[in-house]
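**Student:** Just start-v4.tsv, nothing more (TSV, C-alpha atoms):
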chain	number	residue	atom	x	y	z
A	1211	MET	CA	111.73	17.07	144.91
A	1212	LEU	CA	110.36	13.57	145.31
A	1213	GLY	CA	106.69	13.52	146.09
A	1214	PRO	CA	104.18	10.75	146.72
A	1215	GLU	CA	104.18	9.92	143.01
A	1216	PHE	CA	107.65	8.46	143.51
A	1217	SER	CA	106.01	5.29	144.74
A	1218	ARG	CA	104.46	4.78	141.31
A	1219	ILE	CA	107.40	3.00	139.78
A	1220	ILE	CA	106.80	1.50	136.37
A	1221	PRO	CA	110.19	0.04	135.42
A	1222	GLU	CA	109.19	-1.37	132.02
A	1223	ASN	CA	108.90	1.99	130.37
A	1224	LEU	CA	110.69	4.10	132.94
A	1225	TRP	CA	107.88	6.57	133.40
A	1226	ILE	CA	108.87	6.52	136.99
A	1227	PHE	CA	107.04	9.68	137.89
A	1228	GLY	CA	103.82	8.41	136.41
A	1229	ASN	CA	102.78	11.03	133.96
A	1230	ASN	CA	104.90	13.68	135.59
A	1231	PRO	CA	107.77	14.82	133.39
A	1232	GLY	CA	109.36	17.18	135.93
A	1233	MET	CA	111.58	19.90	134.60
A	1234	HIS	CA	112.62	19.49	131.01
A	1235	GLU	CA	116.02	18.10	131.98
A	1236	LEU	CA	114.29	15.26	133.85
A	1237	ALA	CA	112.03	14.49	130.90
A	1238	ILE	CA	115.06	14.54	128.61
A	1239	ALA	CA	117.05	12.35	131.01
A	1240	ARG	CA	114.28	9.79	131.04
A	1241	ASN	CA	114.10	9.64	127.25
A	1242	LEU	CA	117.88	9.48	127.17
A	1243	LEU	CA	118.12	6.56	129.58
A	1244	ARG	CA	115.49	4.63	127.66
A	1245	GLN	CA	117.59	4.88	124.51
A	1246	VAL	CA	120.87	4.19	126.26
A	1247	LEU	CA	119.45	0.99	127.74
A	1248	GLU	CA	118.02	-0.04	124.40
A	1249	VAL	CA	121.36	0.45	122.68
A	1250	SER	CA	123.30	-1.28	125.47
A	1251	GLU	CA	121.14	-4.33	125.00
A	1252	GLN	CA	121.57	-4.37	121.23
A	1253	GLU	CA	125.30	-3.81	121.54
A	1254	LYS	CA	125.60	-6.25	124.45
A	1255	LEU	CA	127.18	-3.68	126.75
A	1256	VAL	CA	127.38	-4.83	130.34
A	1257	ARG	CA	128.29	-1.39	131.56
A	1258	VAL	CA	127.90	2.11	130.12
A	1259	ARG	CA	130.68	4.54	131.08
A	1260	LEU	CA	129.98	7.62	129.06
A	1261	VAL	CA	127.00	9.17	127.34
A	1262	ALA	CA	128.01	11.96	124.98
A	1263	LEU	CA	125.28	14.37	123.95
A	1264	LYS	CA	125.03	17.32	121.68
A	1265	ALA	CA	122.52	20.05	122.34
A	1266	GLY	CA	121.87	23.29	120.54
A	1267	VAL	CA	122.29	26.39	122.67
A	1268	LEU	CA	118.62	27.29	122.11
A	1269	ARG	CA	117.49	24.20	124.00
A	1270	GLN	CA	118.62	25.91	127.20
A	1271	ILE	CA	119.60	22.67	128.89
A	1272	VAL	CA	121.40	22.88	132.22
A	1273	ALA	CA	124.13	20.25	131.99
A	1274	GLU	CA	124.39	19.70	135.76
A	1275	THR	CA	120.66	19.22	136.14
A	1276	LEU	CA	120.59	16.76	133.27
A	1277	SER	CA	123.54	14.81	134.71
A	1278	GLU	CA	121.95	14.63	138.14
A	1279	ALA	CA	118.62	13.50	136.76
A	1280	PHE	CA	120.31	10.87	134.63
A	1281	ALA	CA	122.46	9.61	137.51
A	1282	PHE	CA	119.37	9.21	139.64
A	1283	LEU	CA	117.28	7.48	137.01
A	1284	ALA	CA	120.14	5.17	136.00
A	1285	LEU	CA	120.56	3.69	139.47
A	1286	GLY	CA	120.36	-0.06	139.29
A	1287	THR	CA	120.83	-0.20	135.52
A	1288	VAL	CA	123.89	-0.90	133.34
A	1289	ALA	CA	124.20	2.87	132.97
A	1290	ARG	CA	124.66	3.47	136.69
A	1291	GLY	CA	127.47	5.88	137.38
A	1292	ALA	CA	127.87	6.72	133.69
A	1293	LYS	CA	129.20	10.15	132.91
A	1294	VAL	CA	126.96	12.44	130.90
A	1295	ARG	CA	128.89	14.84	128.73
A	1296	LEU	CA	127.03	17.63	127.01
A	1297	ALA	CA	128.57	19.51	124.11
A	1298	GLU	CA	126.76	22.67	123.20
A	1299	ILE	CA	126.20	23.55	119.56
A	1300	PRO	CA	126.20	27.29	118.93
A	1301	ALA	CA	123.47	28.96	116.91
A	1302	ARG	CA	124.13	29.48	113.23
A	1303	VAL	CA	122.06	31.15	110.56
A	1304	ARG	CA	121.94	30.55	106.83
A	1305	CYS	CA	121.14	33.30	104.35
A	1306	ARG	CA	118.43	32.30	101.89
A	1307	ALA	CA	119.61	34.94	99.44
A	1308	CYS	CA	123.35	34.28	99.17
A	1309	GLY	CA	123.60	30.91	100.92
A	1310	LYS	CA	126.31	31.98	103.35
A	1311	GLU	CA	126.32	30.59	106.88
A	1312	GLU	CA	127.33	32.62	109.88
A	1313	GLU	CA	127.63	31.80	113.56
A	1314	GLY	CA	125.29	33.64	115.92
A	1315	PHE	CA	121.67	34.52	116.20
A	1316	LEU	CA	121.71	37.15	113.53
A	1317	ALA	CA	118.90	39.27	112.13
A	1318	SER	CA	120.41	39.81	108.73
A	1319	CYS	CA	123.16	38.38	106.58
A	1320	PRO	CA	126.52	40.04	107.28
A	1321	SER	CA	127.58	39.47	103.67
A	1322	CYS	CA	124.61	40.58	101.59
A	1323	ARG	CA	122.45	42.32	104.24
A	1324	SER	CA	119.42	40.22	103.36
A	1325	ALA	CA	116.94	39.60	106.20
A	1326	GLU	CA	115.88	36.31	104.60
A	1327	ILE	CA	117.72	34.10	107.04
A	1328	GLU	CA	116.96	30.76	108.57
A	1329	LEU	CA	118.29	28.93	111.58
A	1330	ALA	CA	120.88	26.39	110.43
A	1331	ALA	CA	121.99	25.17	113.85
A	1332	GLY	CA	121.25	25.69	117.53
A	1333	ARG	CA	118.23	23.55	118.26
A	1334	GLU	CA	119.68	20.05	118.01
A	1335	LEU	CA	119.27	17.47	120.73
A	1336	PHE	CA	120.84	14.09	120.16
A	1337	ILE	CA	123.04	11.35	121.56
A	1338	ASP	CA	126.36	11.52	119.78
A	1339	TYR	CA	127.80	8.25	121.07
A	1340	ILE	CA	128.06	6.09	124.15
A	1341	GLU	CA	131.04	4.28	125.55
A	1342	GLY	CA	130.95	1.14	127.60
A	1343	ASP	CA	132.24	-2.35	128.24
A	1344	ARG	CA	131.35	-5.60	126.55
A	1345	LYS	CA	131.74	-8.77	128.49
B	503	MET	CA	135.91	-0.11	126.23
B	504	VAL	CA	133.85	0.26	123.06
B	505	ARG	CA	132.35	3.33	121.52
B	506	VAL	CA	128.95	3.13	119.84
B	507	GLY	CA	128.19	6.05	117.56
B	508	LEU	CA	124.52	6.95	117.56
B	509	LYS	CA	123.55	10.43	116.39
B	510	ARG	CA	120.09	9.65	117.66
B	511	ASP	CA	117.40	12.18	118.56
B	512	ILE	CA	116.86	12.06	122.32
B	513	LEU	CA	113.21	13.03	122.10
B	514	GLU	CA	112.50	10.36	119.49
B	515	MET	CA	109.65	8.80	121.49
B	516	GLU	CA	108.09	12.15	122.34
B	517	ASN	CA	108.33	13.27	118.75
B	518	ARG	CA	106.76	10.05	117.54
B	519	GLN	CA	103.80	10.66	119.83
B	520	ALA	CA	103.60	14.26	118.62
B	521	THR	CA	103.45	13.02	115.03
B	522	ALA	CA	100.69	10.60	115.99
B	523	ASN	CA	98.77	13.49	117.59
B	524	ARG	CA	99.21	15.59	114.46
B	525	ARG	CA	97.76	12.78	112.37
B	526	TYR	CA	94.88	12.39	114.85
B	527	PHE	CA	94.05	16.10	114.57
B	528	ASP	CA	94.48	16.09	110.80
B	529	ARG	CA	92.09	13.18	110.32
B	530	ARG	CA	89.44	14.92	112.38
B	531	ARG	CA	90.18	18.23	110.71
B	532	ILE	CA	91.10	19.95	113.92
B	533	VAL	CA	93.30	23.01	114.05
B	534	ALA	CA	95.32	22.94	117.26
B	535	PHE	CA	97.22	25.81	118.86
B	536	ASN	CA	99.81	25.46	121.57
B	537	LEU	CA	99.70	28.59	123.74
B	538	ILE	CA	103.03	29.23	125.48
B	539	GLY	CA	103.84	32.04	127.91
B	540	SER	CA	104.79	32.85	131.50
B	541	PRO	CA	102.47	32.44	134.47
B	542	GLY	CA	100.16	35.43	134.57
B	543	CYS	CA	100.83	36.67	131.05
B	544	GLY	CA	97.15	36.27	130.21
B	545	LYS	CA	96.87	32.97	128.36
B	546	THR	CA	93.45	32.11	129.75
B	547	SER	CA	92.21	35.67	129.23
B	548	LEU	CA	93.33	35.50	125.61
B	549	ILE	CA	91.32	32.32	125.10
B	550	GLU	CA	88.28	34.01	126.65
B	551	ALA	CA	88.81	37.10	124.52
B	552	ALA	CA	89.08	35.11	121.29
B	553	HIS	CA	86.00	33.10	122.18
B	554	ARG	CA	83.98	36.29	122.64
B	555	ARG	CA	85.08	37.53	119.23
B	556	PHE	CA	84.23	34.34	117.34
B	557	PRO	CA	81.10	34.32	115.23
B	558	LYS	CA	78.29	31.95	116.23
B	559	GLY	CA	79.02	28.41	115.15
B	560	PHE	CA	82.77	28.82	115.48
B	561	ARG	CA	83.44	26.42	118.30
B	562	LEU	CA	86.54	25.71	120.26
B	563	ALA	CA	87.69	23.23	122.87
B	564	VAL	CA	90.51	23.70	125.33
B	565	ILE	CA	93.11	21.55	127.03
B	566	GLU	CA	94.12	23.43	130.10
B	567	GLY	CA	97.52	22.61	131.57
B	568	ASP	CA	98.28	23.64	135.11
B	569	LEU	CA	100.61	22.56	137.87
B	570	ALA	CA	97.69	22.38	140.26
B	571	SER	CA	94.08	23.61	140.62
B	572	ASP	CA	91.34	23.90	138.04
B	573	LYS	CA	90.80	27.64	138.38
B	574	ASP	CA	91.46	28.38	134.71
B	575	ALA	CA	89.31	25.47	133.56
B	576	ARG	CA	86.40	26.78	135.63
B	577	ARG	CA	86.74	30.19	134.04
B	578	LEU	CA	86.37	28.65	130.60
B	579	ARG	CA	83.52	26.33	131.60
B	580	LYS	CA	81.58	29.44	132.60
B	581	LEU	CA	81.70	30.41	128.92
B	582	LYS	CA	80.46	26.92	128.00
B	583	ILE	CA	83.76	26.01	126.37
B	584	PRO	CA	84.46	22.27	126.57
B	585	VAL	CA	87.65	21.94	128.57
B	586	VAL	CA	89.83	19.15	129.91
B	587	GLN	CA	92.12	19.99	132.77
B	588	VAL	CA	95.58	18.37	132.88
B	589	ASN	CA	97.41	18.80	136.16
B	590	THR	CA	101.08	18.08	135.85
B	591	GLY	CA	101.94	18.30	139.54
B	592	ARG	CA	105.57	19.33	139.40
B	593	GLY	CA	105.88	19.01	135.64
B	594	CYS	CA	106.79	22.21	133.90
B	595	HIS	CA	105.38	21.39	130.47
B	596	LEU	CA	102.71	19.33	128.77
B	597	THR	CA	103.85	16.19	126.96
B	598	PRO	CA	102.43	14.78	123.73
B	599	ARG	CA	101.21	11.76	125.69
B	600	MET	CA	99.12	13.99	127.93
B	601	ILE	CA	97.61	15.66	124.89
B	602	ALA	CA	96.77	12.31	123.29
B	603	ALA	CA	94.85	11.29	126.42
B	604	ALA	CA	93.17	14.66	126.96
B	605	ALA	CA	92.10	15.09	123.32
B	606	ARG	CA	90.10	11.88	123.48
B	607	LYS	CA	87.99	13.32	126.28
B	608	LEU	CA	86.89	16.35	124.26
B	609	PRO	CA	84.07	16.64	121.73
B	610	LEU	CA	86.60	17.65	119.08
B	611	GLU	CA	84.54	16.66	116.05
B	612	LYS	CA	82.07	19.35	117.00
B	613	ALA	CA	84.69	21.94	117.81
B	614	GLY	CA	87.20	21.91	114.96
B	615	LEU	CA	89.46	24.20	116.92
B	616	LEU	CA	91.57	23.17	119.88
B	617	ILE	CA	93.58	25.50	122.04
B	618	ILE	CA	96.14	23.93	124.34
B	619	GLU	CA	97.11	26.22	127.18
B	620	ASN	CA	100.55	25.05	128.19
B	621	ILE	CA	102.09	25.34	131.66
B	622	GLY	CA	103.26	28.89	132.40
B	623	ASN	CA	106.93	28.72	131.41
B	624	LEU	CA	109.06	30.17	128.61
B	625	VAL	CA	111.62	27.39	128.34
B	626	CYS	CA	110.42	23.81	128.84
B	627	PRO	CA	107.19	23.81	126.80
B	628	VAL	CA	109.05	24.97	123.70
B	629	ASN	CA	111.14	21.79	123.76
B	630	PHE	CA	108.16	19.48	123.40
B	631	ASP	CA	106.19	19.26	120.19
B	632	LEU	CA	102.61	18.35	121.05
B	633	GLY	CA	101.43	17.79	117.50
B	634	GLU	CA	99.92	21.26	117.25
B	635	THR	CA	99.24	23.13	114.04
B	636	ALA	CA	101.08	26.18	115.37
B	637	LYS	CA	102.69	27.54	118.49
B	638	VAL	CA	101.37	30.84	119.81
B	639	GLY	CA	103.83	32.80	121.95
B	640	VAL	CA	102.44	35.11	124.60
B	641	LEU	CA	104.32	37.81	126.44
B	642	SER	CA	102.93	40.59	128.59
B	643	VAL	CA	104.21	44.14	128.92
B	644	ALA	CA	104.84	43.53	132.63
B	645	GLU	CA	107.51	40.93	131.83
B	646	GLY	CA	109.85	43.39	130.14
B	647	ASP	CA	111.06	44.06	126.63
B	648	ASP	CA	114.24	41.97	127.01
B	649	LYS	CA	112.54	38.58	127.01
B	650	PRO	CA	113.04	37.69	123.34
B	651	GLU	CA	116.80	37.66	123.88
B	652	LYS	CA	116.51	35.60	127.04
B	653	TYR	CA	114.15	32.98	125.65
B	654	PRO	CA	114.93	32.93	121.95
B	655	LEU	CA	113.59	29.49	121.11
B	656	LEU	CA	109.97	30.41	121.82
B	657	PHE	CA	110.24	33.51	119.65
B	658	ARG	CA	111.87	31.39	116.98
B	659	GLU	CA	109.29	28.59	116.98
B	660	ALA	CA	106.10	30.59	117.41
B	661	SER	CA	103.90	31.28	114.39
B	662	VAL	CA	102.50	34.40	116.00
B	663	LEU	CA	103.39	36.45	119.04
B	664	LEU	CA	100.83	38.15	121.26
B	665	LEU	CA	102.02	41.10	123.30
B	666	ASN	CA	99.41	41.31	126.03
B	667	LYS	CA	98.57	43.89	128.72
B	668	LEU	CA	99.12	46.76	126.36
B	669	ASP	CA	97.11	48.91	128.78
B	670	LEU	CA	100.08	48.79	131.16
B	671	LEU	CA	102.38	50.43	128.64
B	672	PRO	CA	101.95	54.04	129.86
B	673	GLY	CA	104.02	54.46	132.98
B	674	SER	CA	106.10	51.32	132.40
B	675	ASP	CA	109.72	51.04	131.25
B	676	PHE	CA	108.73	48.68	128.47
B	677	SER	CA	110.04	49.93	125.15
B	678	ARG	CA	107.91	48.76	122.25
B	679	ARG	CA	110.65	49.71	119.85
B	680	ALA	CA	113.33	47.72	121.67
B	681	PHE	CA	110.96	44.79	122.00
B	682	LEU	CA	109.96	44.70	118.33
B	683	ALA	CA	113.61	45.09	117.30
B	684	ALA	CA	114.59	42.16	119.55
B	685	VAL	CA	111.82	40.02	118.07
B	686	LYS	CA	112.86	40.94	114.57
B	687	LYS	CA	116.40	39.95	115.33
B	688	ILE	CA	115.33	36.47	116.34
B	689	ASN	CA	112.51	35.85	113.92
B	690	PRO	CA	112.12	38.57	111.28
B	691	GLY	CA	108.91	37.10	109.85
B	692	LEU	CA	107.07	36.66	113.15
B	693	PRO	CA	103.77	38.56	113.20
B	694	VAL	CA	103.19	40.42	116.47
B	695	ILE	CA	99.67	41.20	117.64
B	696	GLU	CA	99.45	43.79	120.38
B	697	VAL	CA	96.58	43.08	122.71
B	698	SER	CA	94.93	44.20	125.89
B	699	CYS	CA	92.43	41.73	127.24
B	700	ARG	CA	91.36	44.42	129.67
B	701	THR	CA	90.43	47.08	127.13
B	702	GLY	CA	89.72	44.67	124.27
B	703	GLU	CA	92.29	46.34	122.04
B	704	GLY	CA	93.75	43.91	119.52
B	705	THR	CA	91.48	41.04	120.50
B	706	ARG	CA	89.72	41.26	117.14
B	707	GLU	CA	93.05	40.84	115.34
B	708	TRP	CA	93.85	37.86	117.55
B	709	ALA	CA	90.52	36.19	116.75
B	710	GLU	CA	91.02	37.03	113.06
B	711	TRP	CA	94.43	35.41	113.11
B	712	ILE	CA	92.93	32.21	114.51
B	713	LYS	CA	90.22	32.25	111.86
B	714	SER	CA	92.74	32.80	109.08
B	715	GLN	CA	94.76	29.80	110.29
B	716	ALA	CA	91.63	27.67	110.44
B	717	GLU	CA	90.79	28.78	106.88
B	718	ALA	CA	94.28	27.89	105.68
B	719	SER	CA	94.02	24.42	107.22
B	720	ARG	CA	90.58	23.91	105.69
B	721	ARG	CA	91.90	24.83	102.25
B	722	LYS	CA	94.72	22.36	102.74
B	723	TRP	CA	92.31	19.59	103.73
B	724	GLU	CA	89.94	20.36	100.89
B	725	GLY	CA	92.86	20.29	98.48
B	726	ASN	CA	93.71	16.84	99.77
B	727	SER	CA	90.15	15.57	99.95
B	728	GLY	CA	90.43	13.66	96.68
B	729	LYS	CA	93.24	11.62	98.12
B	730	ALA	CA	92.91	9.05	100.85
B	731	VAL	CA	93.68	10.37	104.32
B	732	ARG	CA	96.75	8.74	105.78
Just give me the structure of the file as structure tokens.

**Tutor:**
Amino acid sequence: MLGPEFSRIIPENLWIFGNNPGMHELAIARNLLRQVLEVSEQEKLVRVRLVALKAGVLRQIVAETLSEAFAFLALGTVARGAKVRLAEIPARVRCRACGKEEEGFLASCPSCRSAEIELAAGRELFIDYIEGDRK
Amino acid sequence: MVRVGLKRDILEMENRQATANRRYFDRRRIVAFNLIGSPGCGKTSLIEAAHRRFPKGFRLAVIEGDLASDKDARRLRKLKIPVVQVNTGRGCHLTPRMIAAAARKLPLEKAGLLIIENIGNLVCPVNFDLGETAKVGVLSVAEGDDKPEKYPLLFREASVLLLNKLDLLPGSDFSRRAFLAAVKKINPGLPVIEVSCRTGEGTREWAEWIKSQAEASRRKWEGNSGKAVR
């Protein structure tokens, strides 16, 4: 998967594939590493051991692909070898009529039958926490 | 071992750029659409079809995303549409950074309407906000009526859905009823425009939809015109 653009390494901002984001897991991994490194510096971590993420099911993120991309990008950084753990958040809808929330990707409210529903959960994408060592 | 709680959006940087793009478009009073659909679903044809339906003076510009080649861009240049080609190589989606760079190469002040044709893909492009006014989902009859369930986020995030290649419906297994029911299940308020770029059916409605969105944006800008633009 590495093409000639691999030689265009720009370590400062980690756009290591130039302007090429790759599959969405790779683009996400790159954004993730940038933040992990930023936080490690602020928190004076010398080593990052675990990166815990939460992602809504609708994001359709393949955990293995994300882990692999992260592992590759993190080589040579304090996050090298860190484990990436992805917890999936199921979809949930909220009824605008009665206010009830229900798990699933539902068309109408199971309680009051209203079709006025909105997505309450399922499209999140955030770093929950990281674990690591201080000197 | 220490634990640092974060709860931080992973796409923070991307989203910040998308917000900057949105402000850039807003200031120049540009309505921008992000066209998302599979390879071969007819995205470029739909741009051509809309262009043909627009009244004189209604100008558009296009950012054409493609893995490789400028075939689609050449098609649009033939119609004298200003177009910037963005080749992503192996990238499966356009990023807000690419849009920021591409938009500056287009005569947008003259156009007022920008259509971004994303890379053919139903998953990745939906994850990246480009700063568009609205996402337009495209699906063709040939892809099957089960796609809303398989790729729910697109059907959730789109402001309108175009069902293209309607001319293929006779003789196919595509069930309009099942498809519309599946869409309704995911996004009950999503308007669906059924189109055939080949026969021209529905292309007027598609062009009308674009015009109505442009009108809505104009009203919003005019309503704000007394105030200083951010």

**Student:** Nearest residue to Val1294 (chain A) out of A:Leu1329, A:Cys1319, A:Ala1262, A:Val1249, using all atoms listed in the file?

**Tutor:** A:Ala1262

**Student:** What is the distance between CA of Ala552 (chain B) and CA of Gly633 (chain B), in Å to one decimal?

**Tutor:** 21.6 Å

**Student:** Counting only C-alpha atoms, select every polymer residue within 8 Å of (127.4, 14.5, 127.0) as defined in the file's coordinates, and provide the selection as a PDB file with C-alpha atoms, in the frame of the given file.

**Tutor:**
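Writing done, so here's point.pdb:
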ATOM      1  CA  LEU A1260     129.980   7.620 129.060  1.00  0.00           C
ATOM      2  CA  VAL A1261     127.000   9.170 127.340  1.00  0.00           C
ATOM      3  CA  ALA A1262     128.010  11.960 124.980  1.00  0.00           C
ATOM      4  CA  LEU A1263     125.280  14.370 123.950  1.00  0.00           C
ATOM      5  CA  LYS A1264     125.030  17.320 121.680  1.00  0.00           C
ATOM      6  CA  LYS A1293     129.200  10.150 132.910  1.00  0.00           C
ATOM      7  CA  VAL A1294     126.960  12.440 130.900  1.00  0.00           C
ATOM      8  CA  ARG A1295     128.890  14.840 128.730  1.00  0.00           C
ATOM      9  CA  LEU A1296     127.030  17.630 127.010  1.00  0.00           C
ATOM     10  CA  ALA A1297     128.570  19.510 124.110  1.00  0.00           C
ATOM     11  CA  ILE A1337     123.040  11.350 121.560  1.00  0.00           C
ATOM     12  CA  ASP A1338     126.360  11.520 119.780  1.00  0.00           C
TER      13      ASP A1338
END

**Student:** Just need the residues of chain B within 8 Å of chain A, counting only C-alpha atoms, so spit them out as a count of residues only.

**Tutor:** 31

**Student:** At what distance in Å, to one decimal, does CA of Val564 (chain B) lie from CA of Leu616 (chain B)?

**Tutor:**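 For CA of Leu616 (chain B) relative to CA of Val564 (chain B), the distance reads 5.6 Å.
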
**Student:** Need the shell around Glu566 (chain B): protein/DNA/RNA residues with any atom at most 6 Å away, counting all atoms listed in the file. Skip same-chain ones fewer than 5 positions apart. Format as a list in words?

**Tutor:**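 Returned residues: Gln587, Val588 and Glu619 of chain B.
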
**Student:** Between B:Lys667, B:Arg530, B:Lys713, B:Arg606, which is the closest to Glu696 (chain B) once you count all atoms listed in the file?

**Tutor:**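 Residue with the minimum atom-to-atom distance to Glu696 (chain B): B:Lys667.
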
**Student:** Could you check how far CA of Glu651 (chain B) sits from CA of Gly1314 (chain A), in Å to one decimal?

**Tutor:**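 Atom-to-atom, CA of Glu651 (chain B) and CA of Gly1314 (chain A) are spaced 12.3 Å apart.
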
**Student:** For a quick check of understanding, using only C-alpha atoms, which of B:Lys637, B:Arg706, B:Arg678, B:Arg599 has the smallest distance to Asn517 (chain B)?

**Tutor:**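 Ranking B:Lys637, B:Arg706, B:Arg678, B:Arg599 by distance to Asn517 (chain B), first place goes to B:Arg599.
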
**Student:** Using only C-alpha atoms, determine which residues lie at most 10 Å from Ser540 (chain B), disregarding the query and same-chain residues fewer than 5 positions distant; provide the list as a list of chain:residue names.

**Tutor:**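 So the residues in contact are B:Lys545, B:Asn620, B:Ile621, B:Gly622, B:Asn623, B:Leu624, B:Val625, B:Gly639, B:Val640, B:Leu641, B:Ser642, B:Glu645.
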
**Student:** Excluding same-chain residues fewer than 6 positions from Trp708 (chain B), what lies within 9 Å of it counting only C-alpha atoms, as a count of residues only?

**Tutor:** 8

**Student:** Tell me, as number ranges by chain, which residues lie within 12 Å of Ala534 (chain B), counting all atoms listed in the file; anything in the same chain fewer than 6 positions away does not count.

**Tutor:** B: 523-528, 562-565, 601, 605, 610, 613-619, 631-638, 712-713, 715-716, 719

**Student:** For Glu1311 (chain A), which residue out of A:Leu1247, A:Ala1281, A:Ile1299, A:Ala1330 is the nearest one, using only C-alpha atoms?

**Tutor:** A:Ala1330

**Student:** Report, as lines of an AutoDock Vina configuration file, the axis-aligned box around all atoms of region 1269-1286 of chain A present in the file, extended by 8 Å on each side; give centre and edge lengths in Å to one decimal place.

**Tutor:**
center_x = 120.8
center_y = 12.9
center_z = 131.8
size_x = 23.1
size_y = 42.0
size_z = 31.6

**Student:** Find, counting all atoms listed in the file, the residue in A:Ala1331, A:Val1272, A:Ala1284, A:Ala1289 that gets nearest to Glu1313 (chain A).

**Tutor:**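 Of the candidates, the smallest distance to Glu1313 (chain A) is held by A:Ala1331.
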
**Student:** Extract region 547-563 of chain B from the preceding block and save N, CA and C atoms as a short mmCIF file (atom, residue, chain, number, x, y, z; two decimals), in the first residue's frame.

**Tutor:**
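File produced: decode_18.cif:
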data_model
loop_
_atom_site.label_atom_id
_atom_site.label_comp_id
_atom_site.auth_asym_id
_atom_site.auth_seq_id
_atom_site.Cartn_x
_atom_site.Cartn_y
_atom_site.Cartn_z
N SER B 547 -22.73 12.82 -14.37
CA SER B 547 -23.90 13.00 -15.25
C SER B 547 -24.95 13.88 -14.59
N LEU B 548 -25.09 13.74 -13.28
CA LEU B 548 -26.08 14.56 -12.57
C LEU B 548 -25.68 16.03 -12.55
N ILE B 549 -24.38 16.29 -12.49
CA ILE B 549 -23.90 17.68 -12.55
C ILE B 549 -24.20 18.23 -13.95
N GLU B 550 -23.89 17.42 -14.97
CA GLU B 550 -24.16 17.86 -16.36
C GLU B 550 -25.65 18.13 -16.54
N ALA B 551 -26.46 17.21 -16.02
CA ALA B 551 -27.91 17.33 -16.20
C ALA B 551 -28.45 18.60 -15.53
N ALA B 552 -27.96 18.88 -14.32
CA ALA B 552 -28.42 20.07 -13.61
C ALA B 552 -28.01 21.32 -14.37
N HIS B 553 -26.77 21.31 -14.85
CA HIS B 553 -26.24 22.45 -15.59
C HIS B 553 -27.11 22.77 -16.81
N ARG B 554 -27.54 21.73 -17.50
CA ARG B 554 -28.37 21.92 -18.70
C ARG B 554 -29.73 22.52 -18.34
N ARG B 555 -30.19 22.24 -17.14
CA ARG B 555 -31.52 22.70 -16.72
C ARG B 555 -31.48 24.12 -16.14
N PHE B 556 -30.29 24.60 -15.79
CA PHE B 556 -30.22 25.92 -15.15
C PHE B 556 -30.56 27.01 -16.14
N PRO B 557 -31.24 28.05 -15.66
CA PRO B 557 -31.48 29.19 -16.54
C PRO B 557 -30.17 29.93 -16.81
N LYS B 558 -30.16 30.71 -17.88
CA LYS B 558 -28.95 31.50 -18.21
C LYS B 558 -28.60 32.38 -17.01
N GLY B 559 -27.32 32.52 -16.76
CA GLY B 559 -26.91 33.39 -15.66
C GLY B 559 -26.75 32.64 -14.34
N PHE B 560 -27.26 31.43 -14.29
CA PHE B 560 -27.10 30.61 -13.08
C PHE B 560 -25.83 29.79 -13.27
N ARG B 561 -24.77 30.24 -12.64
CA ARG B 561 -23.48 29.63 -12.93
C ARG B 561 -23.01 28.71 -11.82
N LEU B 562 -22.32 27.66 -12.21
CA LEU B 562 -21.75 26.80 -11.18
C LEU B 562 -20.29 26.52 -11.47
N ALA B 563 -19.58 26.13 -10.41
CA ALA B 563 -18.20 25.68 -10.52
C ALA B 563 -18.12 24.33 -9.83
#
